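Heads up, query11.txt below (compact mmCIF, C-alpha atoms and all ligand atoms):
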```
# COMPACT_ATOMS: atom_id res chain seq x y z
CA MET D 1 19.44 14.55 0.72
CA THR D 2 20.06 12.43 3.78
CA SER D 3 22.52 9.61 4.18
CA PHE D 4 24.99 8.05 6.59
CA ARG D 5 28.74 8.63 6.55
CA ALA D 6 29.30 5.07 5.30
CA GLY D 7 26.34 5.16 2.88
CA MET D 8 22.70 4.03 2.99
CA GLY D 9 23.70 0.42 3.70
CA ARG D 10 24.08 1.53 7.34
CA LEU D 11 20.28 1.63 7.68
CA PRO D 12 19.58 -2.11 7.15
CA GLN D 13 22.83 -2.96 8.97
CA GLY D 14 21.69 -0.91 11.97
CA LEU D 15 18.25 -2.57 11.98
CA ALA D 16 19.79 -6.04 11.67
CA ASN D 17 22.24 -5.44 14.53
CA THR D 18 19.58 -6.16 17.10
CA LEU D 19 18.60 -9.49 15.51
CA GLU D 20 20.23 -12.86 16.08
CA ALA D 21 21.63 -14.29 12.83
CA ASN D 22 20.11 -17.61 11.67
CA ARG D 23 17.34 -17.36 14.24
CA GLU D 24 15.73 -13.95 13.84
CA ILE D 25 17.32 -13.05 10.51
CA MET D 26 18.53 -15.32 7.70
CA TYR D 27 21.05 -14.01 5.17
CA ARG D 28 21.42 -15.27 1.57
CA THR D 29 18.13 -17.13 1.90
CA SER D 30 15.74 -16.80 -0.99
CA VAL D 31 12.02 -17.35 -0.44
CA LYS D 32 10.71 -19.73 -3.11
CA LYS D 33 7.06 -20.05 -2.16
CA ILE D 34 4.51 -18.62 0.26
CA SER D 35 1.27 -20.31 1.21
CA GLN D 36 -1.67 -19.70 3.47
CA VAL D 37 -1.91 -22.16 6.37
CA GLU D 38 -4.27 -22.38 9.30
CA GLY D 39 -3.79 -19.31 11.50
CA GLY D 40 -1.23 -17.64 9.27
CA TRP D 41 1.35 -18.05 6.55
CA GLN D 42 4.14 -20.41 5.60
CA VAL D 43 7.30 -19.33 3.85
CA ALA D 44 9.41 -21.95 2.03
CA THR D 45 13.08 -21.50 1.19
CA GLU D 46 15.37 -23.97 -0.59
CA GLN D 47 16.15 -25.79 2.70
CA ASN D 48 13.49 -24.86 5.26
CA SER D 49 10.02 -23.62 5.87
CA PHE D 50 8.86 -21.13 8.48
CA SER D 51 5.36 -20.38 9.74
CA GLY D 52 3.96 -17.32 11.45
CA ARG D 53 0.74 -15.50 12.11
CA HIS D 54 1.72 -12.42 10.09
CA LEU D 55 3.62 -12.27 6.80
CA VAL D 56 5.20 -9.01 5.64
CA LEU D 57 6.37 -9.02 2.02
CA ALA D 58 8.81 -6.09 1.92
CA LEU D 59 10.20 -6.95 -1.51
CA PRO D 60 10.40 -5.03 -4.76
CA VAL D 61 6.93 -5.12 -6.33
CA ASN D 62 7.85 -7.66 -9.05
CA ALA D 63 9.47 -10.05 -6.55
CA SER D 64 6.28 -9.89 -4.45
CA LEU D 65 4.06 -10.42 -7.48
CA SER D 66 5.88 -13.58 -8.52
CA LEU D 67 5.29 -15.05 -5.04
CA LEU D 68 1.69 -13.78 -4.71
CA THR D 69 0.51 -15.05 -8.13
CA GLU D 70 1.34 -18.61 -7.00
CA VAL D 71 -0.89 -18.46 -3.89
CA GLU D 72 -3.97 -20.46 -4.86
CA THR D 73 -6.15 -19.06 -2.07
CA LEU D 74 -5.75 -15.44 -3.23
CA LYS D 75 -7.44 -13.59 -6.08
CA PRO D 76 -4.72 -13.30 -8.77
CA PRO D 77 -3.21 -9.82 -9.30
CA PRO D 78 -4.27 -7.94 -12.46
CA MET D 79 -0.72 -8.22 -13.83
CA ASP D 80 2.27 -10.38 -13.06
CA HIS D 81 4.92 -7.76 -13.76
CA LEU D 82 5.20 -3.97 -13.53
CA ALA D 83 7.43 -2.22 -16.11
CA GLU D 84 10.84 -1.22 -14.77
CA ALA D 85 13.38 1.40 -15.78
CA ARG D 86 16.85 -0.15 -15.73
CA ILE D 87 19.57 2.28 -14.75
CA THR D 88 23.34 2.04 -14.62
CA THR D 89 25.38 4.42 -12.50
CA VAL D 90 28.73 5.63 -13.78
CA ALA D 91 30.79 7.06 -10.92
CA LEU D 92 33.57 9.44 -11.95
CA GLY D 93 36.15 10.90 -9.55
CA PHE D 94 38.14 14.08 -10.19
CA THR D 95 40.67 16.22 -8.39
CA GLU D 96 39.70 19.69 -7.17
CA GLU D 97 40.59 21.00 -10.63
CA ALA D 98 37.15 19.88 -11.83
CA ASN D 99 34.74 22.79 -11.88
CA ILE D 100 31.53 21.07 -10.75
CA PRO D 101 28.75 23.66 -10.36
CA PHE D 102 27.14 24.45 -7.02
CA GLY D 103 24.12 22.24 -6.25
CA PHE D 104 23.25 18.58 -5.92
CA GLY D 105 23.03 17.65 -9.59
CA TYR D 106 20.61 17.73 -12.51
CA LEU D 107 18.20 15.68 -14.59
CA ALA D 108 18.27 16.28 -18.36
CA PRO D 109 14.93 16.41 -20.21
CA GLU D 110 14.71 13.97 -23.15
CA SER D 111 14.38 16.91 -25.56
CA GLU D 112 18.05 17.75 -24.89
CA GLN D 113 19.08 14.38 -26.39
CA ARG D 114 21.94 13.82 -23.96
CA PHE D 115 23.65 10.52 -23.27
CA THR D 116 23.18 10.66 -19.49
CA LEU D 117 19.80 10.98 -17.83
CA GLY D 118 21.39 13.23 -15.25
CA ALA D 119 24.13 13.34 -12.67
CA LEU D 120 24.42 13.63 -8.93
CA PHE D 121 27.15 15.89 -7.57
CA SER D 122 27.66 13.37 -4.80
CA SER D 123 30.59 14.94 -2.99
CA HIS D 124 28.74 18.30 -2.86
CA MET D 125 25.91 16.51 -1.02
CA PHE D 126 28.08 14.16 1.04
CA PRO D 127 31.71 15.37 1.25
CA GLY D 128 32.87 12.04 2.73
CA ARG D 129 32.01 10.20 -0.50
CA ALA D 130 35.35 11.22 -2.07
CA PRO D 131 38.82 11.25 -0.47
CA ALA D 132 40.22 14.63 0.60
CA GLY D 133 41.12 16.74 -2.42
CA HIS D 134 38.78 14.80 -4.70
CA GLN D 135 35.22 15.11 -5.98
CA LEU D 136 32.68 12.51 -7.06
CA LEU D 137 30.05 12.67 -9.80
CA GLU D 138 27.49 9.87 -10.32
CA ALA D 139 25.87 9.82 -13.75
CA LEU D 140 22.71 7.83 -14.51
CA VAL D 141 22.38 6.05 -17.86
CA GLY D 142 19.60 4.04 -19.50
CA GLY D 143 16.07 4.43 -18.18
CA ARG D 144 12.84 3.53 -19.93
CA ARG D 145 13.81 5.27 -23.18
CA HIS D 146 17.39 4.02 -23.64
CA PRO D 147 17.67 0.48 -22.27
CA GLN D 148 20.09 -0.46 -25.10
CA ARG D 149 22.75 1.77 -23.51
CA LEU D 150 22.97 -0.70 -20.62
CA GLU D 151 24.40 -3.24 -23.09
CA MET D 152 27.52 -1.10 -23.59
CA ASN D 153 30.71 -2.27 -21.91
CA ASP D 154 32.23 -0.36 -18.99
CA ASP D 155 34.88 1.47 -21.04
CA GLU D 156 32.32 2.67 -23.59
CA LEU D 157 29.97 3.86 -20.88
CA ILE D 158 32.73 5.74 -19.04
CA HIS D 159 33.87 7.33 -22.32
CA GLU D 160 30.35 8.45 -23.34
CA VAL D 161 29.45 9.76 -19.89
CA TYR D 162 32.70 11.71 -19.63
CA ARG D 163 32.13 13.20 -23.12
CA ASP D 164 28.58 14.25 -22.19
CA LEU D 165 29.43 15.75 -18.80
CA ALA D 166 32.53 17.54 -20.12
CA GLN D 167 30.24 19.51 -22.46
CA LEU D 168 28.39 20.85 -19.42
CA MET D 169 31.25 21.60 -17.01
CA ASP D 170 35.05 21.85 -16.93
CA LEU D 171 36.40 18.39 -16.17
CA PRO D 172 40.05 17.35 -16.31
CA LYS D 173 40.80 14.37 -18.55
CA PRO D 174 41.04 11.54 -17.66
CA PRO D 175 38.99 11.18 -14.46
CA SER D 176 41.09 10.05 -11.48
CA PHE D 177 38.56 7.29 -10.75
CA ALA D 178 35.86 5.59 -12.81
CA ARG D 179 33.53 2.76 -11.96
CA VAL D 180 30.34 1.39 -13.52
CA LEU D 181 27.70 0.12 -11.07
CA ARG D 182 25.00 -2.10 -12.50
CA PRO D 183 22.14 -2.64 -10.00
CA PRO D 184 20.46 -6.04 -10.44
CA GLY D 185 16.90 -4.64 -10.47
CA GLY D 186 15.18 -1.72 -12.16
CA ILE D 187 12.97 1.08 -10.87
CA PRO D 188 9.26 0.12 -11.07
CA GLN D 189 7.24 2.56 -13.17
CA LEU D 190 3.76 3.94 -12.57
CA GLU D 191 2.52 3.04 -16.04
CA SER D 192 -0.69 1.65 -17.50
CA GLY D 193 -2.30 -0.88 -15.16
CA TYR D 194 -0.73 0.53 -12.00
CA PRO D 195 -4.01 1.89 -10.47
CA ALA D 196 -5.61 -1.58 -10.91
CA LEU D 197 -2.63 -3.13 -9.14
CA LEU D 198 -2.97 -0.72 -6.22
CA SER D 199 -6.69 -1.41 -5.85
CA TRP D 200 -5.97 -5.17 -5.96
CA ARG D 201 -3.54 -4.66 -3.06
CA ARG D 202 -6.14 -2.57 -1.20
CA ASP D 203 -8.70 -5.42 -1.52
CA LEU D 204 -6.05 -7.96 -0.52
CA HIS D 205 -5.30 -6.03 2.69
CA ALA D 206 -9.03 -5.72 3.42
CA ASP D 207 -9.51 -9.51 3.00
CA GLN D 208 -6.29 -10.72 4.62
CA SER D 209 -5.59 -9.10 7.96
CA ASN D 210 -2.31 -11.00 8.44
CA LEU D 211 -0.72 -10.40 5.03
CA HIS D 212 1.16 -7.12 4.57
CA VAL D 213 2.51 -6.21 1.17
CA CYS D 214 4.84 -3.22 1.02
CA GLY D 215 8.28 -2.41 -0.43
CA PHE D 216 9.93 -0.97 -3.50
CA GLY D 217 7.50 0.22 -6.17
CA TRP D 218 4.10 -0.34 -4.57
CA LYS D 219 3.56 3.23 -3.44
CA GLY D 220 6.71 5.03 -4.42
CA ILE D 221 10.35 4.28 -4.96
CA GLY D 222 12.31 6.44 -2.51
CA ILE D 223 13.50 5.51 0.96
CA ASN D 224 11.04 8.06 2.39
CA ASP D 225 8.13 6.23 0.73
CA MET D 226 9.48 2.88 1.97
CA THR D 227 9.61 4.24 5.52
CA LYS D 228 6.00 5.47 5.34
CA GLU D 229 4.83 2.12 3.96
CA ALA D 230 6.73 0.22 6.64
CA TRP D 231 5.07 2.37 9.30
CA VAL D 232 1.60 1.64 7.87
CA ALA D 233 2.34 -2.14 7.85
CA ALA D 234 3.68 -2.06 11.43
CA LYS D 235 0.63 -0.13 12.64
CA ARG D 236 -1.66 -2.61 10.91
CA ILE D 237 0.02 -5.54 12.68
CA LEU D 238 -0.02 -3.87 16.08
CA THR D 239 -3.50 -2.36 15.99
CA ASP D 240 -5.41 -4.05 13.13
CA HIS D 241 -5.97 -0.53 11.86
CA VAL D 242 -6.19 -0.33 8.06
CA GLU D 243 -5.02 3.07 6.89
CA GLN D 244 -7.26 4.65 4.24
CA GLU D 245 -5.19 5.26 1.12
CA ARG D 246 -5.46 8.72 -0.35
CA THR D 247 -5.32 9.33 -4.09
CA GLU D 248 -2.06 11.02 -4.96
CA LEU D 249 -0.51 12.53 -8.03
CA LYS D 250 3.07 11.25 -8.44
CA GLY D 251 5.80 12.36 -10.79
CA ILE D 252 7.61 9.94 -13.09
CA TYR D 253 11.31 9.83 -12.38
CA PHE D 254 13.29 8.21 -15.21
C1 LIG Z 1 19.54 2.94 -9.45
C2 LIG Z 1 18.72 3.28 -8.22
C3 LIG Z 1 18.91 4.52 -7.61
C4 LIG Z 1 18.17 4.86 -6.47
N1 LIG Z 1 18.40 6.08 -5.88
C5 LIG Z 1 17.69 6.42 -4.79
C6 LIG Z 1 17.89 7.69 -4.14
O1 LIG Z 1 18.75 8.48 -4.55
N2 LIG Z 1 17.12 7.99 -3.06
C7 LIG Z 1 16.17 7.16 -2.58
O2 LIG Z 1 15.48 7.47 -1.60
N3 LIG Z 1 15.97 5.93 -3.15
C8 LIG Z 1 16.70 5.55 -4.24
N4 LIG Z 1 16.49 4.34 -4.83
C9 LIG Z 1 15.44 3.49 -4.28
C10 LIG Z 1 15.91 2.70 -3.07
O3 LIG Z 1 17.02 1.91 -3.44
C11 LIG Z 1 14.73 1.83 -2.63
O4 LIG Z 1 13.66 2.67 -2.21
C12 LIG Z 1 15.05 0.92 -1.46
O5 LIG Z 1 16.22 0.19 -1.68
C13 LIG Z 1 13.89 -0.02 -1.24
O6 LIG Z 1 14.12 -0.69 -0.04
P1 LIG Z 1 13.45 -2.08 0.23
O7 LIG Z 1 14.04 -2.61 1.48
O8 LIG Z 1 11.97 -1.95 0.13
O9 LIG Z 1 13.89 -2.99 -1.02
P2 LIG Z 1 15.32 -3.49 -1.46
O10 LIG Z 1 16.40 -2.58 -1.02
O11 LIG Z 1 15.19 -3.81 -2.92
O12 LIG Z 1 15.46 -4.83 -0.61
C14 LIG Z 1 14.68 -5.96 -0.90
C15 LIG Z 1 15.51 -7.17 -0.57
O13 LIG Z 1 14.71 -8.33 -0.78
C16 LIG Z 1 15.52 -9.33 -1.35
N5 LIG Z 1 14.66 -10.29 -2.04
C17 LIG Z 1 14.03 -10.18 -3.24
N6 LIG Z 1 13.33 -11.29 -3.52
C18 LIG Z 1 13.52 -12.13 -2.48
C19 LIG Z 1 13.06 -13.46 -2.16
N7 LIG Z 1 12.25 -14.15 -2.98
N8 LIG Z 1 13.47 -14.03 -1.00
C20 LIG Z 1 14.26 -13.35 -0.13
N9 LIG Z 1 14.72 -12.10 -0.36
C21 LIG Z 1 14.35 -11.50 -1.52
C22 LIG Z 1 16.45 -8.58 -2.29
O14 LIG Z 1 17.60 -9.36 -2.54
C23 LIG Z 1 16.75 -7.33 -1.47
O15 LIG Z 1 17.86 -7.52 -0.65
C24 LIG Z 1 17.22 3.95 -5.95
C25 LIG Z 1 17.02 2.71 -6.57
C26 LIG Z 1 17.77 2.36 -7.69
C27 LIG Z 1 17.55 0.99 -8.32
```
Please express the file's structure as C-alpha cells.
Amino acid sequence: MTSFRAGMGRLPQGLANTLEANREIMYRTSVKKISQVEGGWQVATEQNSFSGRHLVLALPVNASLSLLTEVETLKPPPMDHLAEARITTVALGFTEEANIPFGFGYLAPESEQRFTLGALFSSHMFPGRAPAGHQLLEALVGGRRHPQRLEMNDDELIHEVYRDLAQLMDLPKPPSFARVLRPPGGIPQLESGYPALLSWRRDLHADQSNLHVCGFGWKGIGINDMTKEAWVAAKRILTDHVEQERTELKGIYF
C-alpha cells in the first residue's frame, strides 16, 4: 500500500539519477550472453561486452534462466522455464457518481466464476491517481486459469470488465476513461519444480561467490520481496556473507 505520487516508476528513476548514463548505466541494452572469465564474469550485449568481478542478475526468473542455462561452466538448472500467470489490467475511470465501496479492492475466488480476478480501488489507495472529481478502478483479467481472456481485444475486455464490476457496485455508464494495459511478462508461479529451482540457486550461490541471482519470481513477486533479495545480494558482495535461507510457506496470488 505504498507508492510515489508519480507511481512506482519513481523508484528505479531515483536510483538511476545518481548514475552516469552510458558509463554506469546503459538503457535499451539487452544482455545476450553471460560467461565466466578469469576473476569474474563477462556480459555480452549486441554491440559490446563488459567484464567485472561480480555479476548481479536482477532479472525476472525466466530471463535469468535463459542466460544461466547457456553458461557451460555451471551446473544446468533443473528447469529452463517457470510457469507464469499472464495478467492484463483494465483501468476504468469514473466521476464521483460511482459508488466504489470503502477499502483497497478485492480478489474474487474462482468459485464465484467472475470475469475479473479482482480489482484495485486505486484512487482510494492513492488519491492522486485520478484527476480531481474522478475515481480510478484497476481490474485484473486472465491469470493461470483464464489465459484465453488475454486474447480478447480492448473493447471486449473493457465491456466485460465493466459488466462484471457493475454487478458488484453502482457504476455510471459509460466510464469516463478506459484503458487496457498489457504487461509484456507474466507473474512467475510457485508450482511443481519450484523447490528444486530454489535449491539449485542455493548451491549456485555456495559455489560461485561472485554470481548473485535475484529478481522477480525467485523468492517472491512483490516489491517488498525484491527489496529484501537486493539487500541479501548487496550484503553478500560487501561481506561475503551467505544468508541462510529459511523455509517459508507462501500464498499463491493469481
Ligand atoms: C501485472 C503485475 C502487477 C503487479 N502488481 C504489483 C503490486 O501491486 N505490488 C507489488 O509489490 N508488486 C507488483 N508486481 C510485481 C512488481 O512489478 C515486481 O516485483 C517488480 O517489478 C520486480 O522488479 P525487478 O526490478 O526485479 O524486475 P523488473 O521490474 O521486471 O525489471 C527487470 C528489468 O530487466 C530487463 N531485462 C530483462 N531481460 C534482460 C536482458 N537480457 N538484458 C537486459 N535487461 C533485461 C527488463 O526489461 C526489465 O526492465 C506486479 C507485477 C505484474 C506483472
Query raised in the report: What does the distance between CA of Pro60 in chain D and CA of Leu150 in chain D come to in Å, to one decimal place?
Result: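 Interatomic distance, CA of Pro60 in chain D to CA of Leu150 in chain D: 20.7 Å.
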**Report entry** Polymer residues at most 8 Å from Phe216 in chain D, only C-alpha atoms, same-chain spacing of 6 or more positions, as a PyMOL selection string
**Finding:** chain D and resi 58-61+188+222+226
Since we have the selection now, will you write its residues out, keeping C-alpha atoms, as a short mmCIF file (atom, residue, chain, number, x, y, z; two decimals), in the frame of the given file?
```cif
data_model
loop_
_atom_site.label_atom_id
_atom_site.label_comp_id
_atom_site.auth_asym_id
_atom_site.auth_seq_id
_atom_site.Cartn_x
_atom_site.Cartn_y
_atom_site.Cartn_z
CA ALA D 58 8.81 -6.09 1.92
CA LEU D 59 10.20 -6.95 -1.51
CA PRO D 60 10.40 -5.03 -4.76
CA VAL D 61 6.93 -5.12 -6.33
CA PRO D 188 9.26 0.12 -11.07
CA GLY D 222 12.31 6.44 -2.51
CA MET D 226 9.48 2.88 1.97
#
```
Requested in this report: Write out as number ranges by chain each polymer residue (protein, DNA or RNA) that has an atom no more than 7 Å from ligand LIG 1 (chain Z), with all atoms listed in the file counted.
Outcome: D: 29-32, 58-60, 63, 87-89, 183, 185-187, 215-216, 221-224, 226
Query raised in the report: Can you tell me how far CA of Leu65 in chain D sits from CA of Leu190 in chain D, in Å to one decimal?
Result: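 Answer for the CA of Leu65 in chain D to CA of Leu190 in chain D separation: 15.2 Å.
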Report task. Skip Asp155 in chain D itself and residues of its chain fewer than 5 positions away, then list as a PyMOL selection string all residues within 12 Å of it, counting only C-alpha atoms. Result -> chain D and resi 90+160-162+178-180
Using the file's own x, y and z axes, so that the box edges lie along x, y and z, what centre and edge lengths in Å (one decimal) does a box around every listed atom of range 29-39 of chain D get when 6 Å is added on each side? Give it as AutoDock Vina command-line options.
```
--center_x 6.9 --center_y -19.6 --center_z 4.2 --size_x 34.4 --size_y 17.6 --size_z 26.6
```
Report task. Determine, counting only C-alpha atoms, which protein, DNA and RNA residues have an atom within 10 Å of an atom of Val213 in chain D; residues of the same chain fewer than 5 positions away are not included. Present the result as a list of chain:residue names. Result -> D:Leu55, D:Val56, D:Leu57, D:Ala58, D:Leu59, D:Pro60, D:Val61, D:Ser64, D:Leu65, D:Leu68, D:Arg201, D:Arg202, D:Leu204, D:His205, D:Trp218, D:Glu229, D:Ala230, D:Ala233
Query raised in the report: Is there a way to get, as an MDAnalysis selection string, all residues within 10 Å of the point (-5.3, -11.6, -10.9) in file coordinates, counting all atoms listed in the file?
Result: chainID D and resid 68:69 74:80 197 200
